[in-house]
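For reference, the structure is listed below as structure tokens.
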Amino acid sequence: MRSRFLLLSWGPQGRAEAMRLVAALTDWSSKVGGRDWMLLTPDPEGPVEVEGAWIVGSIFPRTSEPPAPHPGRAHTERPVERLVRRQWGAYVAIVDQRDHVEIFRDPSGGHPAYWTRRGDLTLVLSGLEEVVAAGAIAPRIDWSSVAGMIAYPQVRADRTGLEGVHELLPGQTLRIRLGGPEGLALQWSPWSFAARSAAILDRSRATEMLEETVQSCVAAWADRFPRPLLELSGGLDSSIIAASLRLAGRSVDCINIVTPTAEGDEQRFARLAADGHRLQIVPVAAAGVDIRRARAGRLPRPGAHALLRPIEDAFVAAARVSGATAFFSGLGGDNVFCSLSSAAPASDALLTSGPGPRFLRALDDLGRLHGCTAWTAGGLALRKAVRSGSMGRLPVDASFLAPGRAPGRAPHHPWMSAPRGALPGKHDQIRSLLLAQAYLDRYEHAAEGEIVFPLLSQPIVELCLRIPTWLWIADGQNRAIARDAFASAIPDAVVRRRSKGGLNAFVAAVFEDNVEGLTAQLINGRLAQAGLLDLSAVREVLANPALASGQALFRVLQLADVEAWARTWDDP
């Protein structure tokens with residue numbers, strides 16, 4: 001389980017309320033503080049001090065430290081700047097600056113952090129459960145924000161689903177003075193590494209650096225959690241983690257989930273990838289999934305999809321048998337390793353080098369990857385290059401929303417503010433990273449042990465952003481540099497695998513098993529009462545699920561998840 005924390009910062013009128021809350025949290029005995037702030041955790045070991053900051057979570061020193069941004073002036077770096085340059089992990093840092101306090105969330109987003117203000121008191125916290133139980137806050141649902149989440153599920157912005165509760169975004173610092181939030185600043189930006197000037201143009205060098213960086217980060221996580229349970233799908237990303245653990249001298253327990261259809265059965269590849277690790281194959285069925293039950297707890301956002309509950313239950317059961325204290329997952333690998341479905345890599349080559357050999361090679365690779373002609377690939381790449389200035393806009397999904405309820409603009413996320421001249425492929429890669437971060441703290445089995453996504457570690461993300469998008473499609477393979485880096489450590493059938501498992505049939509089975517419950521959940525539910533739903537469209541799918549697309553079924557199940565979450569706040 002991730003380290004829980006609560007930071008309180010108060011002004012003259014908020015001190016009494018802060019002390020009352022401190023007294024109510026009797027089990028939160030580890031405390032550090034300053035003149036007008038206090039940090040509490042229930043961890044007996046308490047926070048640790050690193051680089052002049054108090055750290056909650058997991059933090060590791062870099063194996064190779066990047067140079068200071070201003071040579072000769074490293075001694076003038078602020079504590080957060082030193083942390084970003086010298087350390088990495090899944091943590092929240094608190095820095096006492098005498099007349100104010102700063103809270104920084106690491107760039108990977110691996111540790112949750114939310115903040116809210118109540119009068120002369122500001123709270124920054126990992127979760128809401130304890131402060132709600134203590135009566136410190138009583139949030140209400142922010143329906144306009146919920147509409148934004150539904151319409152733009154691919155971006156997780158600072159507004160949560162609750163009024164007045166904000167998320168501190170990855171790489172962001174919140175500054176508080178005398179109980180009042182003074183502003184947010186982005187201390188780490190992906191665009192610093194996606195810049196053309198930072199690019200690693202040599203394929204061999206990029207491959208070597210990726211192999212070394214991934215192995216180093218996975219080994220660090222394995223030292224932090226010596227008994228992990230690895231979710232081994234048999235795909236490239238989880239297989240890279242398995243190979244890195246083996247190369248670090250660790251034999252771990254792995255689990256492969258099999259759903260009752262061919263698309264959900266990847267055990268052949270998982271057995272190949274396990275290669276010395278202990279592997280448990282676990283079949284799961286769609287029967288018995290109750291889409292009306294929300295994830296436990298008082299959450300600022302909806303949790304993981306209910307249809308994943310049988311899989312999460314299997315993880316918990318396997319962890320208890322093996323004694324695992326953490327769950328390792330390959331989630332984020334597609335995103336970090338730049339698995340793009342667009343023509344952007346060729347567009348990047350054209351904008352960077354003009355219509356020369358590099359562009360022509362990228363066109364050939366793009367055509368081989370997507371099975372299209374060079375003319376088709378060239379036309380798409382040229383169109384993407386011409387439109388590169390508008391690539392930061394996110395598409396809206398207004399399906400099943402009532403007319404006019406989908407916001408006209410996506411919620412703001414500072415990572416989408418690209419500098420002038422940014423390449424369209426890097427827009428797409430960073431957008432993909434945002435999508436991965438939307439799922440980091442949503443899983444119910446996190447109550448059993450910490451969930452770790454090693455491939456989203458800061459050094460890996462930074463390196464992958466520096467690798468040009470056209471190298472990621474070399475030889476007509478997606479994630480080409482990752483495949484090259486681990487070609488000697490993973491069986492060839494897995495390294496060169498093009499197919500991918502799916503859950504479409506599983507989703508359809510869950511839907512069919514829950515049609516009656518979905519009707520009761522949505523037609524007269526909180527979302528409908530708030531005027532968010534196009535009820536005629538919902539009724540049509542519920543009446544004829546066999547005629548609906550898999551995307552439509554999944555969308556309705558997503559709405560049911562949001563509905564279940566909303567009821568946890570209306571019906572505590």
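For the structure tokens, the naming scheme is as follows: chains receive sequential letters (A, B, ...) according to their order of presentation, residues are indexed from 1 within each chain, and ligands are indexed from 1 in presentation order.
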Residues near A:Pro395, cut-off 12 Å, only C-alpha atoms, skip fewer than 2 positions along chain, as a list in words: Gly148, Ala151, Tyr152, Pro153, Gln154, Val155, Ser390, Met391, Gly392, Arg393, Asp397, Ala398, Ala406, Pro407, Gly408, Arg409, Ala410, Pro411 and Arg431 of chain A
Write the residues of the selection above to a file with C-alpha atoms, as a short mmCIF file (atom, residue, chain, number, x, y, z; two decimals), in the first residue's frame.
```cif
data_model
loop_
_atom_site.label_atom_id
_atom_site.label_comp_id
_atom_site.auth_asym_id
_atom_site.auth_seq_id
_atom_site.Cartn_x
_atom_site.Cartn_y
_atom_site.Cartn_z
CA GLY A 148 -15.55 16.80 -18.51
CA ALA A 151 -16.20 13.65 -22.45
CA TYR A 152 -12.39 13.67 -22.22
CA PRO A 153 -11.38 10.41 -20.51
CA GLN A 154 -7.90 10.65 -22.04
CA VAL A 155 -6.77 13.53 -19.81
CA SER A 390 -2.98 22.42 -33.73
CA MET A 391 -1.91 19.01 -32.44
CA GLY A 392 -2.52 19.86 -28.79
CA ARG A 393 -6.30 19.70 -29.13
CA ASP A 397 -16.35 11.88 -26.86
CA ALA A 398 -19.93 13.10 -26.50
CA ALA A 406 -20.01 17.84 -23.17
CA PRO A 407 -17.67 20.77 -22.49
CA GLY A 408 -16.46 22.51 -25.62
CA ARG A 409 -12.84 22.34 -24.48
CA ALA A 410 -10.83 19.65 -22.76
CA PRO A 411 -9.86 20.18 -19.13
CA ARG A 431 -0.80 12.74 -24.96
#
```
For stretch 468-470 of chain A: contacts at 8 Å, only C-alpha atoms, fewer than 3 positions along chain excluded, given as an NGL selection string: :A and (199-201 or 338 or 344-346 or 348-349 or 362 or 425-426 or 465 or 473-474)
Now that the selection is made, can you save its residues with N, CA and C atoms as a compact mmCIF listing (two decimals), in the first residue's frame?
```txt
# COMPACT_ATOMS: atom_id res chain seq x y z
N ALA A 199 17.27 15.36 -28.75
CA ALA A 199 17.05 14.07 -29.42
C ALA A 199 18.31 13.22 -29.50
N ILE A 200 18.12 11.92 -29.31
CA ILE A 200 19.18 10.92 -29.49
C ILE A 200 18.94 10.31 -30.88
N LEU A 201 19.73 10.70 -31.85
CA LEU A 201 19.47 10.34 -33.23
C LEU A 201 20.05 8.99 -33.64
N CYS A 338 6.21 4.69 -27.13
CA CYS A 338 5.75 5.43 -28.30
C CYS A 338 5.06 4.56 -29.33
N ALA A 344 2.44 10.30 -37.53
CA ALA A 344 3.30 11.32 -36.91
C ALA A 344 4.80 11.02 -37.01
N PRO A 345 5.27 9.76 -36.88
CA PRO A 345 6.72 9.55 -36.99
C PRO A 345 7.30 10.03 -38.32
N ALA A 346 6.60 9.80 -39.41
CA ALA A 346 7.09 10.28 -40.71
C ALA A 346 6.99 11.80 -40.78
N ASP A 348 7.38 13.82 -38.28
CA ASP A 348 8.51 14.33 -37.50
C ASP A 348 9.79 14.28 -38.32
N ALA A 349 9.99 13.18 -39.06
CA ALA A 349 11.19 13.07 -39.90
C ALA A 349 11.20 14.15 -40.97
N ALA A 362 11.43 6.61 -43.10
CA ALA A 362 10.29 6.63 -42.17
C ALA A 362 9.00 6.27 -42.89
N GLY A 425 4.60 14.17 -33.56
CA GLY A 425 4.78 12.86 -32.92
C GLY A 425 5.00 12.97 -31.43
N LYS A 426 5.69 14.03 -31.01
CA LYS A 426 5.90 14.23 -29.58
C LYS A 426 4.62 14.69 -28.89
N LEU A 465 11.33 10.01 -24.31
CA LEU A 465 10.94 11.25 -24.95
C LEU A 465 12.06 11.81 -25.82
N ILE A 473 9.54 3.25 -34.92
CA ILE A 473 8.88 2.40 -35.92
C ILE A 473 9.89 1.78 -36.89
N ALA A 474 11.15 1.76 -36.51
CA ALA A 474 12.19 1.21 -37.40
C ALA A 474 11.85 -0.22 -37.81
```
Every residue of stretch 117-237 of chain A that DSSP places in strand (DSSP E or B), as an mmCIF file with C-alpha atoms, in the first residue's frame:
```cif
data_model
loop_
_atom_site.group_PDB
_atom_site.id
_atom_site.type_symbol
_atom_site.label_atom_id
_atom_site.label_comp_id
_atom_site.auth_asym_id
_atom_site.auth_seq_id
_atom_site.Cartn_x
_atom_site.Cartn_y
_atom_site.Cartn_z
ATOM 1 C CA ARG A 117 -8.809 24.631 1.201
ATOM 2 C CA ARG A 118 -11.159 25.235 4.089
ATOM 3 C CA LEU A 121 -6.545 25.983 6.427
ATOM 4 C CA THR A 122 -5.156 24.127 3.397
ATOM 5 C CA LEU A 123 -4.875 20.347 3.350
ATOM 6 C CA VAL A 124 -2.645 18.333 1.015
ATOM 7 C CA LEU A 125 -3.282 14.614 1.278
ATOM 8 C CA ILE A 141 -19.985 16.293 -6.477
ATOM 9 C CA ARG A 159 -10.144 19.308 -11.166
ATOM 10 C CA LEU A 162 -15.579 16.947 -6.120
ATOM 11 C CA VAL A 165 -10.816 19.161 -4.257
ATOM 12 C CA HIS A 166 -7.897 19.466 -6.671
ATOM 13 C CA GLU A 167 -5.195 17.077 -7.767
ATOM 14 C CA GLN A 172 3.861 20.228 -10.216
ATOM 15 C CA THR A 173 4.620 22.238 -7.074
ATOM 16 C CA LEU A 174 1.986 23.840 -4.841
ATOM 17 C CA ARG A 175 3.133 26.824 -2.783
ATOM 18 C CA ILE A 176 1.261 27.599 0.451
ATOM 19 C CA ARG A 177 1.783 30.571 2.759
ATOM 20 C CA GLY A 180 -3.400 29.997 1.716
ATOM 21 C CA PRO A 181 -2.412 28.409 -1.613
ATOM 22 C CA GLU A 182 -0.381 30.974 -3.566
ATOM 23 C CA GLY A 183 0.034 29.184 -6.848
ATOM 24 C CA LEU A 184 1.082 26.162 -8.859
ATOM 25 C CA ALA A 185 4.268 25.784 -10.881
ATOM 26 C CA LEU A 186 5.362 23.069 -13.288
ATOM 27 C CA PRO A 228 6.527 -8.636 -6.072
ATOM 28 C CA LEU A 229 3.810 -10.355 -8.055
ATOM 29 C CA LEU A 230 4.275 -9.565 -11.740
ATOM 30 C CA GLU A 231 1.253 -9.352 -14.005
#
```
With a cut-off of 8 Å, could you pull out the residues of stretch 265-291 of chain A touching stretch 490-506 of chain A and give me the nearest pair of atoms for each, distance in Å to one decimal, using only C-alpha atoms, ordered by chain and ascending number, as JSON lines?
```
{"residue": "A:Asp265", "atom": "CA", "partner": "A:Gly501", "partner_atom": "CA", "distance": 7.1}
{"residue": "A:Glu266", "atom": "CA", "partner": "A:Gly501", "partner_atom": "CA", "distance": 6.6}
{"residue": "A:Phe269", "atom": "CA", "partner": "A:Val494", "partner_atom": "CA", "distance": 6.3}
{"residue": "A:Leu272", "atom": "CA", "partner": "A:Pro491", "partner_atom": "CA", "distance": 6.5}
{"residue": "A:Ala273", "atom": "CA", "partner": "A:Ile490", "partner_atom": "CA", "distance": 6.4}
{"residue": "A:Ala285", "atom": "CA", "partner": "A:Phe506", "partner_atom": "CA", "distance": 7.9}
{"residue": "A:Ala286", "atom": "CA", "partner": "A:Phe506", "partner_atom": "CA", "distance": 6.2}
```
Write out, as a PDB file, in the first residue's frame, the residues just selected, with N, CA and C atoms.
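Output file part39.pdb follows:
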```
ATOM      1  N   ASP A 265      -6.690 -15.271 -24.251  1.00  0.00           N
ATOM      2  CA  ASP A 265      -5.813 -16.366 -23.842  1.00  0.00           C
ATOM      3  C   ASP A 265      -4.420 -16.129 -24.424  1.00  0.00           C
ATOM      4  N   GLU A 266      -3.518 -15.634 -23.584  1.00  0.00           N
ATOM      5  CA  GLU A 266      -2.148 -15.362 -24.009  1.00  0.00           C
ATOM      6  C   GLU A 266      -1.141 -16.227 -23.269  1.00  0.00           C
ATOM      7  N   PHE A 269       2.359 -17.222 -24.805  1.00  0.00           N
ATOM      8  CA  PHE A 269       3.396 -16.197 -24.777  1.00  0.00           C
ATOM      9  C   PHE A 269       3.889 -15.952 -23.341  1.00  0.00           C
ATOM     10  N   LEU A 272       6.451 -18.505 -22.358  1.00  0.00           N
ATOM     11  CA  LEU A 272       7.744 -18.209 -22.964  1.00  0.00           C
ATOM     12  C   LEU A 272       8.446 -17.080 -22.216  1.00  0.00           C
ATOM     13  N   ALA A 273       7.699 -16.030 -21.885  1.00  0.00           N
ATOM     14  CA  ALA A 273       8.293 -14.862 -21.243  1.00  0.00           C
ATOM     15  C   ALA A 273       8.706 -15.139 -19.803  1.00  0.00           C
ATOM     16  N   ALA A 285     -13.830 -15.573 -15.123  1.00  0.00           N
ATOM     17  CA  ALA A 285     -15.086 -15.551 -15.876  1.00  0.00           C
ATOM     18  C   ALA A 285     -15.814 -14.235 -15.653  1.00  0.00           C
ATOM     19  N   ALA A 286     -16.664 -13.886 -16.605  1.00  0.00           N
ATOM     20  CA  ALA A 286     -17.420 -12.642 -16.500  1.00  0.00           C
ATOM     21  C   ALA A 286     -18.589 -12.765 -15.536  1.00  0.00           C
TER      22      ALA A 286
END
```
Rows by chain and residue number, stretch 334-449 of chain A within 12 Å of stretch 559-571 of chain A, shortest pair, only C-alpha atoms, as CSV:
```
residue,atom,partner,partner_atom,distance
A:Ser399,CA,A:Leu559,CA,10.6
A:Phe400,CA,A:Leu559,CA,8.7
A:Leu401,CA,A:Leu559,CA,9.7
A:Arg442,CA,A:Asp561,CA,11.6
```
Export N, CA and C atoms of the chosen residues as a CSV table (one decimal), in the first residue's frame?
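Just written: out04.csv:
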```csv
chain,number,residue,atom,x,y,z
A,399,SER,N,-20.5,10.8,-26.8
A,399,SER,CA,-21.5,9.7,-26.9
A,399,SER,C,-22.2,9.4,-25.6
A,400,PHE,N,-23.5,9.3,-25.6
A,400,PHE,CA,-24.4,9.0,-24.5
A,400,PHE,C,-24.5,10.2,-23.5
A,401,LEU,N,-23.9,11.3,-23.8
A,401,LEU,CA,-24.1,12.5,-23.1
A,401,LEU,C,-25.2,13.3,-23.6
A,442,ARG,N,-6.2,3.8,-9.5
A,442,ARG,CA,-7.7,3.5,-9.5
A,442,ARG,C,-8.0,2.0,-9.2
```
Distance criterion (only C-alpha atoms): nearest to A:Arg82 out of A:Leu247, A:Gln13, A:Met149, A:Trp188: A:Trp188
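Distance check against A:Ala136 using only C-alpha atoms: of A:Ala296, A:Ile467, A:Leu440, A:Ala16, the minimum falls on A:Ala16.
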Test item: residues at most 12 Å from A:Lys31, only C-alpha atoms, excluding those fewer than 2 positions along its chain, as a PyMOL selection string: chain A and resi 5-8+22+25-29+33-34+37-48+54+56
